[in-house]
Structures are given as C-alpha cells and as structure tokens.
Amino acid sequence: MPQPPRAPSVRFWVEPGDIPAEKAALRLHLTLAQFDAVRPRLFMRGFPRPDPDTGMYDLEAIDRWRHLRHPSLFPELVALGAMQTPALPAPARDLGEIAYEAEQKRRQEWIASRGRTKTLGEIDAEAEQTRRETWEEFRLSRKAARGQTGS
C-alpha cells in the first residue's frame, strides 16, 4: 500500500482576513482596554462591527473605514460610492465644564455624607478670613513689641 503524502516542510504565511478584538485594537494603536472604552463611539462613527458568529473583525473593512475618514486623501474610495463616515455632533458643552460640574456634585455629595451644612467654598472662605485676622494680630503684636504705634 502506498504511503500517504507528507506535508511539505515549507509553510506559507496566510494573511488573515478576520482578526480578533485584540488585533483590531492594535490596528488602531490601542490597548484592548482602550479599544473597549471607545468602541461604542467608534460604532457610532461607522466602525465595522464584528461578525455575529465568530466575533472577528474584518481587517479590510477596518482599513477602509480608517481611509474614509480622509476622503480628500483617498478619492478612489469615494468614487466607488463609499459613504463618508458620519461626523459626531459637537458636544453641547465643553468637557472641562462637564468635569467641573461633576467635581462640584461629588464635593456636595461628600459634604452631605459628612453631615456638614457648609460647602467647601464657604469653609475655604472662613479659613482665609481667619488666616488674615491671625496675620493682622501677629503684625500688630510685632509692632507693639518694637514700640511702634498706629496701624
């Protein structure tokens, strides 16, 4: 009986078409955690979704999505009828404002949890007033010690 054919000793590289989430993240130069954090926003901007059965991402679709962000640099994609990536509307408020409001809310909740009736701003203002009064008393006592009078 003849021998079955042997596998060739030389192996060939096969370029993958679909890739897991880890490699899709690397394609965007992100860690997996960063990719997971921004994934909903990417999907809103038309980022290709993973295959429903395998969970793998189409590598070419990712590259085309990246290129469509710059239609003036890749006019051949627009000429083929590809749609441009929809732009996200500008946030109604600056992110700094949102962060500031969140910090203020956190402080108010912290104060409420401690049973205080004053805000941190009021506490800071009182501390500053006390510091000024103490400094004035110290300044006057130094003048009195030197024998100076008046203010």
# chains A, B, ... in the order shown; residues from 1 in each chain; ligands from 1
call {"tool": "select_by_dssp", "arguments": {"residues": "range 6-115 of chain A", "states": "helix (DSSP H, G or I)", "output": "PyMOL selection string"}}
result
chain A and resi 21-27+32-44+59-68+75-79+95-114
call {"tool": "closest_residue", "arguments": {"among": "A:Glu103, A:Asp18, A:Asp94, A:Glu136", "to": "Thr54 in chain A", "atoms": "only C-alpha atoms"}}
result
A:Asp18
call {"tool": "atom_distance", "arguments": {"atom1": "CA of Ala24 in chain A", "atom2": "CA of Ile62 in chain A"}}
result
7.9 Å
call {"tool": "select_by_dssp", "arguments": {"residues": "range 3-136 of chain A", "states": "strand (DSSP E)", "output": "PyMOL selection string"}}
result
chain A and resi 18-19+57-58
